[in-house]
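query.txt follows; it contains compact mmCIF, C-alpha atoms and all ligand atoms.
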```txt
# COMPACT_ATOMS: atom_id res chain seq x y z
CA MET A 1 37.41 -34.84 -1.55
CA THR A 2 35.89 -35.55 -4.95
CA GLU A 3 36.98 -33.84 -8.16
CA PRO A 4 33.70 -32.67 -9.77
CA LEU A 5 34.39 -33.49 -13.44
CA PHE A 6 30.88 -32.32 -14.45
CA ARG A 7 31.87 -28.76 -13.62
CA ASP A 8 34.52 -28.55 -16.34
CA ASP A 9 32.69 -30.74 -18.85
CA ALA A 10 28.96 -31.27 -18.44
CA TYR A 11 29.00 -33.56 -21.52
CA LEU A 12 31.27 -36.15 -19.92
CA ARG A 13 29.11 -39.26 -19.45
CA ALA A 14 31.59 -41.71 -17.93
CA ALA A 15 34.98 -41.66 -16.22
CA PRO A 16 37.21 -44.13 -14.36
CA ALA A 17 37.53 -43.45 -10.64
CA THR A 18 38.66 -44.94 -7.34
CA VAL A 19 36.46 -45.56 -4.29
CA ILE A 20 37.97 -43.42 -1.51
CA ALA A 21 35.30 -43.97 1.17
CA VAL A 22 32.08 -45.81 1.88
CA THR A 23 29.65 -44.13 4.30
CA PRO A 24 27.93 -46.14 7.10
CA GLU A 25 24.75 -46.05 4.95
CA GLY A 26 26.63 -47.55 2.00
CA GLY A 27 27.13 -44.30 0.05
CA VAL A 28 30.12 -44.46 -2.29
CA VAL A 29 32.63 -41.57 -2.36
CA LEU A 30 34.86 -41.47 -5.45
CA ASP A 31 38.05 -39.47 -6.03
CA ARG A 32 36.45 -37.98 -9.18
CA THR A 33 33.02 -38.17 -10.75
CA VAL A 34 30.83 -37.18 -13.68
CA PHE A 35 27.73 -37.40 -11.41
CA TYR A 36 26.19 -34.02 -10.60
CA ALA A 37 25.47 -33.78 -6.86
CA GLN A 38 22.01 -32.49 -5.91
CA GLY A 39 22.05 -28.74 -5.40
CA GLY A 40 20.93 -25.39 -6.73
CA GLY A 41 17.49 -26.81 -7.48
CA GLN A 42 18.91 -29.50 -9.76
CA PRO A 43 18.46 -33.16 -8.75
CA GLY A 44 21.42 -35.47 -8.27
CA ASP A 45 22.38 -37.75 -11.15
CA VAL A 46 21.47 -41.41 -11.42
CA GLY A 47 23.46 -44.07 -13.26
CA ARG A 48 25.81 -46.93 -12.40
CA LEU A 49 29.25 -47.78 -11.13
CA LEU A 50 30.80 -50.47 -13.34
CA ARG A 51 33.10 -52.87 -11.50
CA GLN A 52 36.10 -54.60 -13.01
CA ASP A 53 34.35 -57.98 -12.88
CA GLY A 54 31.72 -56.59 -15.26
CA SER A 55 28.96 -56.22 -12.66
CA ALA A 56 27.33 -52.86 -11.90
CA ILE A 57 26.11 -50.95 -8.85
CA GLN A 58 22.98 -48.88 -9.59
CA VAL A 59 23.17 -45.32 -8.28
CA ALA A 60 19.79 -43.88 -7.24
CA ASN A 61 20.94 -40.36 -6.31
CA THR A 62 24.04 -38.22 -5.86
CA VAL A 63 24.51 -35.80 -2.95
CA TYR A 64 27.25 -33.79 -1.25
CA GLY A 65 28.80 -35.20 1.91
CA PRO A 66 28.59 -33.13 5.12
CA ASP A 67 31.94 -31.47 4.24
CA ARG A 68 30.50 -30.25 0.89
CA ALA A 69 33.79 -31.39 -0.71
CA SER A 70 33.06 -35.08 -1.13
CA ILE A 71 30.36 -36.41 -3.44
CA VAL A 72 28.34 -39.42 -2.31
CA HIS A 73 26.83 -41.85 -4.83
CA VAL A 74 23.75 -43.30 -3.12
CA PRO A 75 23.17 -46.89 -4.27
CA ALA A 76 19.70 -48.25 -5.04
CA PRO A 77 18.47 -50.82 -2.46
CA ASP A 78 20.13 -54.26 -2.36
CA GLN A 79 23.33 -53.44 -4.25
CA ALA A 80 26.56 -55.29 -3.51
CA PRO A 81 28.95 -53.31 -1.24
CA LEU A 82 32.07 -51.71 -2.74
CA GLN A 83 35.50 -51.69 -1.11
CA VAL A 84 37.72 -48.67 -0.53
CA GLY A 85 40.48 -48.68 -3.15
CA GLU A 86 38.34 -50.41 -5.76
CA GLN A 87 38.54 -49.12 -9.35
CA VAL A 88 35.22 -48.43 -11.05
CA THR A 89 33.86 -46.59 -14.04
CA ALA A 90 31.19 -44.07 -13.09
CA GLU A 91 28.63 -43.86 -15.89
CA LEU A 92 25.68 -41.51 -15.60
CA ASP A 93 22.24 -41.96 -17.08
CA TRP A 94 22.49 -39.46 -19.93
CA GLU A 95 18.81 -39.81 -20.86
CA ARG A 96 17.99 -38.29 -17.47
CA ARG A 97 20.80 -35.73 -17.33
CA PHE A 98 20.62 -34.10 -20.77
CA PRO A 99 16.97 -32.90 -20.43
CA ARG A 100 17.95 -31.40 -17.06
CA MET A 101 20.76 -29.48 -18.77
CA ARG A 102 18.29 -28.20 -21.36
CA VAL A 103 15.79 -27.14 -18.67
CA HIS A 104 18.50 -25.58 -16.52
CA THR A 105 19.81 -23.47 -19.41
CA ALA A 106 16.23 -22.55 -20.39
CA LEU A 107 15.68 -21.25 -16.84
CA HIS A 108 18.64 -18.87 -17.33
CA LEU A 109 16.80 -17.58 -20.42
CA LEU A 110 13.53 -17.32 -18.47
CA SER A 111 15.31 -15.09 -15.93
CA VAL A 112 16.23 -12.81 -18.86
CA VAL A 113 12.72 -12.78 -20.32
CA LEU A 114 11.40 -11.96 -16.83
CA PRO A 115 14.04 -9.66 -15.34
CA TYR A 116 12.74 -9.74 -11.76
CA PRO A 117 14.27 -11.03 -8.51
CA VAL A 118 14.18 -14.83 -8.35
CA THR A 119 13.12 -16.26 -4.98
CA GLY A 120 13.37 -19.97 -5.79
CA GLY A 121 13.46 -22.59 -8.46
CA SER A 122 13.79 -26.24 -9.24
CA ILE A 123 14.45 -28.62 -12.10
CA GLY A 124 12.53 -31.83 -12.72
CA ASP A 125 12.60 -34.35 -15.53
CA GLY A 126 11.67 -32.43 -18.65
CA ASP A 127 10.35 -29.44 -16.73
CA GLY A 128 11.35 -26.77 -14.27
CA ARG A 129 10.22 -23.58 -12.56
CA LEU A 130 11.35 -20.26 -11.22
CA ASP A 131 9.58 -18.17 -8.58
CA PHE A 132 9.66 -14.43 -9.18
CA ASP A 133 9.16 -11.56 -6.80
CA ILE A 134 6.63 -9.67 -8.90
CA GLN A 135 3.38 -8.09 -7.95
CA GLU A 136 1.67 -7.46 -11.23
CA ALA A 137 -0.29 -10.21 -12.87
CA GLY A 138 -1.01 -10.29 -16.57
CA LEU A 139 1.89 -12.50 -17.57
CA ASP A 140 1.03 -14.26 -20.78
CA LYS A 141 2.20 -17.84 -21.38
CA ALA A 142 2.18 -17.57 -25.18
CA GLU A 143 4.08 -14.29 -25.15
CA LEU A 144 6.71 -15.61 -22.72
CA THR A 145 7.08 -18.79 -24.79
CA GLU A 146 7.66 -16.70 -27.89
CA LYS A 147 10.35 -14.64 -26.13
CA LEU A 148 12.06 -17.80 -24.90
CA HIS A 149 12.08 -19.23 -28.41
CA ALA A 150 13.65 -16.10 -29.80
CA LEU A 151 16.58 -16.59 -27.40
CA VAL A 152 16.81 -20.35 -28.11
CA ASP A 153 16.85 -19.60 -31.85
CA ARG A 154 19.83 -17.26 -31.49
CA ASP A 155 21.83 -20.44 -30.76
CA ALA A 156 24.08 -18.40 -28.48
CA PRO A 157 27.17 -20.14 -27.08
CA VAL A 158 27.15 -20.91 -23.34
CA SER A 159 30.50 -20.73 -21.58
CA PHE A 160 31.88 -20.43 -18.07
CA ARG A 161 34.92 -19.02 -16.39
CA TRP A 162 36.28 -18.79 -12.88
CA ILE A 163 37.17 -15.44 -11.41
CA THR A 164 38.63 -14.59 -8.02
CA ASP A 165 36.95 -12.32 -5.47
CA GLU A 166 39.76 -9.82 -6.21
CA GLU A 167 38.99 -9.79 -9.95
CA LEU A 168 35.35 -9.27 -9.08
CA ASP A 169 36.25 -6.30 -6.85
CA ALA A 170 38.45 -4.86 -9.60
CA ASN A 171 35.57 -5.02 -12.11
CA PRO A 172 32.53 -3.46 -10.43
CA GLY A 173 30.82 -3.27 -13.83
CA LEU A 174 30.70 -7.06 -13.87
CA VAL A 175 28.34 -7.23 -10.89
CA LYS A 176 26.09 -4.70 -12.58
CA THR A 177 25.99 -6.85 -15.72
CA MET A 178 25.17 -10.00 -13.80
CA SER A 179 21.57 -10.96 -13.19
CA VAL A 180 22.44 -12.58 -9.84
CA LYS A 181 24.91 -11.35 -7.22
CA PRO A 182 27.76 -13.83 -6.75
CA PRO A 183 28.31 -15.43 -3.34
CA ARG A 184 31.38 -14.08 -1.56
CA GLY A 185 33.92 -15.71 0.68
CA SER A 186 34.95 -18.93 -1.05
CA GLY A 187 37.72 -17.08 -2.92
CA ARG A 188 36.46 -17.73 -6.42
CA VAL A 189 33.24 -17.61 -8.37
CA ARG A 190 32.11 -19.61 -11.39
CA LEU A 191 30.47 -17.32 -13.93
CA VAL A 192 28.20 -18.76 -16.59
CA GLU A 193 27.76 -16.61 -19.66
CA ILE A 194 25.18 -16.99 -22.40
CA ASP A 195 26.79 -14.86 -25.05
CA GLY A 196 25.11 -11.47 -25.28
CA ILE A 197 22.13 -12.66 -23.19
CA ASP A 198 22.96 -13.57 -19.60
CA LEU A 199 25.81 -13.58 -17.10
CA GLN A 200 25.43 -15.06 -13.63
CA PRO A 201 27.25 -17.11 -11.04
CA CYS A 202 26.13 -20.75 -11.31
CA GLY A 203 27.48 -24.19 -10.45
CA GLY A 204 24.99 -26.23 -12.50
CA THR A 205 25.23 -28.12 -15.78
CA HIS A 206 24.36 -26.32 -19.02
CA VAL A 207 24.10 -27.10 -22.72
CA ARG A 208 26.81 -25.68 -25.02
CA ARG A 209 24.51 -23.53 -27.14
CA THR A 210 20.98 -22.26 -26.55
CA GLY A 211 19.85 -24.05 -29.72
CA GLU A 212 20.33 -27.37 -27.90
CA ILE A 213 17.45 -26.45 -25.57
CA GLY A 214 15.12 -27.11 -28.50
CA GLN A 215 11.36 -26.88 -28.02
CA VAL A 216 10.34 -25.34 -24.71
CA VAL A 217 7.04 -23.83 -23.56
CA VAL A 218 5.91 -21.78 -20.61
CA SER A 219 3.32 -24.28 -19.36
CA ASP A 220 1.91 -22.62 -16.27
CA ILE A 221 1.91 -19.39 -14.27
CA GLU A 222 0.73 -19.66 -10.66
CA LYS A 223 0.14 -17.03 -8.07
CA LYS A 224 2.08 -17.91 -4.93
CA GLY A 225 1.14 -15.24 -2.43
CA LYS A 226 0.65 -11.56 -3.09
CA GLN A 227 4.11 -10.86 -4.42
CA ASN A 228 5.15 -14.10 -6.03
CA ARG A 229 4.58 -15.74 -9.38
CA ARG A 230 5.66 -19.30 -10.09
CA VAL A 231 6.46 -19.77 -13.77
CA ARG A 232 6.78 -23.32 -15.08
CA ILE A 233 8.43 -24.41 -18.31
CA ARG A 234 8.32 -27.76 -20.09
CA LEU A 235 10.41 -29.24 -22.88
CA GLY A 236 8.39 -29.92 -26.02
ZN ZN B 1 23.12 -22.38 -14.41
```

As structure tokens, how would this structure be written, given the file I've shared?
Amino acid sequence: MTEPLFRDDAYLRAAPATVIAVTPEGGVVLDRTVFYAQGGGQPGDVGRLLRQDGSAIQVANTVYGPDRASIVHVPAPDQAPLQVGEQVTAELDWERRFPRMRVHTALHLLSVVLPYPVTGGSIGDGDGRLDFDIQEAGLDKAELTEKLHALVDRDAPVSFRWITDEELDANPGLVKTMSVKPPRGSGRVRLVEIDGIDLQPCGGTHVRRTGEIGQVVVSDIEKKGKQNRRVRIRLG
């Protein structure tokens, strides 16, 4: 299995690692990685694996293996094959990742500005969206943008902590405080807290403070069926 270094430190851009498997399609499994694996609406990271001879393997995407415990670095076409046991340095493309962290954290804030059930969402490059289960129309882009900015400007710290299912059971008030119900059964839950603003279970990558989100606008509101509104945001 792969140690997901991005989960403890989303700001880690590179780390040495060992190749522990190569899939039949050429996917590279490392013992540890800074590359976020595609999931939760956030795309997998791109970047490169630096070899000891100074050459580099370009990584086009990062996904979970079928066991959900190993992380597969999918090489771009025509890259040289790596050997099991080889030492590499995994270095992600920060120019792609950091805007995704800003958008991801901004979507947490959007779910506070619009406190309705979320039915879906995704993160792109410099933009993202959430789908809300709401009937009424009349959402105003400018007004929502203003509310988002107010939360960004508070520059609230973003932190996370792990709690066990037992701790969760012992603190029923916690579930009430959370905007999303945590998944049960895996034994522990990763809670992401935006101080005084939001608390929810999440495995994604976030910025350290809301101020790092910077300029963000609500760019579009679409009607998706009778009881669904798709709200898009874009970094300025
Ligand atoms: Zn999150």

Practice task
Enumerate residues in contact with ligand ZN 1 (chain B): an atom-to-atom distance of at most 7 Å, counting all atoms listed in the file. Format the result as a list of chain:residue names.
Solution key: A:His104, A:Thr105, A:His108, A:Val192, A:Cys202, A:Gly203, A:Gly204, A:Thr205, A:His206

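Counting all atoms listed in the file, the residue from A:Arg96, A:Arg188, A:Lys223, A:Arg209 that sits nearest to Glu167 in chain A is A:Arg188.
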
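Among the candidates A:Arg154, A:Arg230, A:Arg102, A:Arg7, the one nearest to Gln135 in chain A when counting only C-alpha atoms is A:Arg230.
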
Problem - Within 9 Å of Val180 in chain A using only C-alpha atoms, minus same-chain residues under 5 positions, as a PyMOL selection string - result: chain A and resi 117-118+175+199-201

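Of the residues listed (A:Gly27, A:Arg100, A:Leu92, A:Val218), A:Gly27 shows the shortest atom-to-atom separation from Tyr64 in chain A; distances use all atoms listed in the file.
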
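From CA of Arg190 in chain A back to CA of Glu166 in chain A, the distance works out to 13.5 Å.
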
Completion exercise
Correct to one decimal, the distance CA of Phe6 in chain A-CA of Ala106 in chain A is 18.6 Å

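Nearest to Phe98 in chain A of all the residues A:Gly214, A:Gly26, A:Gly185, A:Gly225 is A:Gly214, based on only C-alpha atoms.
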
Practice task
For range 46-61 of chain A, list every protein, DNA or RNA residue within 6 Å, evaluated using all atoms listed in the file, and leave out those in the same chain fewer than 2 positions away; present the list as a ChimeraX atom specification.
Solution key: /A:44,74-76,79,88-93

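Across the structure, CA of Asp133 in chain A and CA of Thr145 in chain A are spaced 19.5 Å apart.
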
Tell me, counting all atoms listed in the file, for each residue of range 60-84 of chain A within 10 Å of range 30-43 of chain A, which pair of atoms is nearest and how far apart they are in Å to one decimal, in rows ordered by chain and increasing number, as JSON lines.
```
{"residue": "A:Asn61", "atom": "CA", "partner": "A:Gln38", "partner_atom": "CA", "distance": 8.0}
{"residue": "A:Thr62", "atom": "CA", "partner": "A:Ala37", "partner_atom": "CA", "distance": 4.8}
{"residue": "A:Val63", "atom": "CA", "partner": "A:Ala37", "partner_atom": "CA", "distance": 4.5}
{"residue": "A:Tyr64", "atom": "CA", "partner": "A:Ala37", "partner_atom": "CA", "distance": 5.9}
{"residue": "A:Gly65", "atom": "CA", "partner": "A:Ala37", "partner_atom": "CA", "distance": 9.5}
{"residue": "A:Arg68", "atom": "CA", "partner": "A:Ala37", "partner_atom": "CA", "distance": 9.9}
{"residue": "A:Ser70", "atom": "CA", "partner": "A:Leu30", "partner_atom": "CA", "distance": 7.9}
{"residue": "A:Ile71", "atom": "CA", "partner": "A:Ala37", "partner_atom": "CA", "distance": 6.5}
{"residue": "A:Val72", "atom": "CA", "partner": "A:Leu30", "partner_atom": "CA", "distance": 7.5}
{"residue": "A:His73", "atom": "CA", "partner": "A:Phe35", "partner_atom": "CA", "distance": 8.0}
{"residue": "A:Val84", "atom": "CA", "partner": "A:Leu30", "partner_atom": "CA", "distance": 9.2}
```

Selection export as an mmCIF file, in the frame of the given file, atoms kept: C-alpha atoms:
```
data_model
loop_
_atom_site.group_PDB
_atom_site.id
_atom_site.type_symbol
_atom_site.label_atom_id
_atom_site.label_comp_id
_atom_site.auth_asym_id
_atom_site.auth_seq_id
_atom_site.Cartn_x
_atom_site.Cartn_y
_atom_site.Cartn_z
ATOM 1 C CA ASN A 61 20.940 -40.360 -6.310
ATOM 2 C CA THR A 62 24.040 -38.220 -5.860
ATOM 3 C CA VAL A 63 24.510 -35.800 -2.950
ATOM 4 C CA TYR A 64 27.250 -33.790 -1.250
ATOM 5 C CA GLY A 65 28.800 -35.200 1.910
ATOM 6 C CA ARG A 68 30.500 -30.250 0.890
ATOM 7 C CA SER A 70 33.060 -35.080 -1.130
ATOM 8 C CA ILE A 71 30.360 -36.410 -3.440
ATOM 9 C CA VAL A 72 28.340 -39.420 -2.310
ATOM 10 C CA HIS A 73 26.830 -41.850 -4.830
ATOM 11 C CA VAL A 84 37.720 -48.670 -0.530
#
```

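Each of A:Val189, A:Arg234, A:Glu212, A:Val103 was checked against Asp165 in chain A using all atoms listed in the file; the smallest atom-to-atom distance is that of A:Val189.
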
Handout entry: Polymer residues at most 12 Å from Lys224 in chain A, only C-alpha atoms, same-chain spacing of 5 or more positions, as an MDAnalysis selection string
Key = chainID A and resid 119:120 130:135 137 229:231

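Those DNA, RNA and protein residues that approach the point (9.2, -13.9, -23.5) to within 10 Å, considering all atoms listed in the file, are Leu109, Leu110, Ser111, Val112, Val113, Leu114, Leu139, Asp140, Lys141, Ala142, Glu143, Leu144, Thr145, Glu146, Lys147, Leu148, His149, Ala150, Leu151 and Val218 of chain A.
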
Write the residues you've just listed into a file as a PDB file, in the frame of the given file, and include C-alpha atoms for each of them.
```
ATOM      1  CA  LEU A 109      16.800 -17.580 -20.420  1.00  0.00           C
ATOM      2  CA  LEU A 110      13.530 -17.320 -18.470  1.00  0.00           C
ATOM      3  CA  SER A 111      15.310 -15.090 -15.930  1.00  0.00           C
ATOM      4  CA  VAL A 112      16.230 -12.810 -18.860  1.00  0.00           C
ATOM      5  CA  VAL A 113      12.720 -12.780 -20.320  1.00  0.00           C
ATOM      6  CA  LEU A 114      11.400 -11.960 -16.830  1.00  0.00           C
ATOM      7  CA  LEU A 139       1.890 -12.500 -17.570  1.00  0.00           C
ATOM      8  CA  ASP A 140       1.030 -14.260 -20.780  1.00  0.00           C
ATOM      9  CA  LYS A 141       2.200 -17.840 -21.380  1.00  0.00           C
ATOM     10  CA  ALA A 142       2.180 -17.570 -25.180  1.00  0.00           C
ATOM     11  CA  GLU A 143       4.080 -14.290 -25.150  1.00  0.00           C
ATOM     12  CA  LEU A 144       6.710 -15.610 -22.720  1.00  0.00           C
ATOM     13  CA  THR A 145       7.080 -18.790 -24.790  1.00  0.00           C
ATOM     14  CA  GLU A 146       7.660 -16.700 -27.890  1.00  0.00           C
ATOM     15  CA  LYS A 147      10.350 -14.640 -26.130  1.00  0.00           C
ATOM     16  CA  LEU A 148      12.060 -17.800 -24.900  1.00  0.00           C
ATOM     17  CA  HIS A 149      12.080 -19.230 -28.410  1.00  0.00           C
ATOM     18  CA  ALA A 150      13.650 -16.100 -29.800  1.00  0.00           C
ATOM     19  CA  LEU A 151      16.580 -16.590 -27.400  1.00  0.00           C
ATOM     20  CA  VAL A 218       5.910 -21.780 -20.610  1.00  0.00           C
TER      21      VAL A 218
END
```
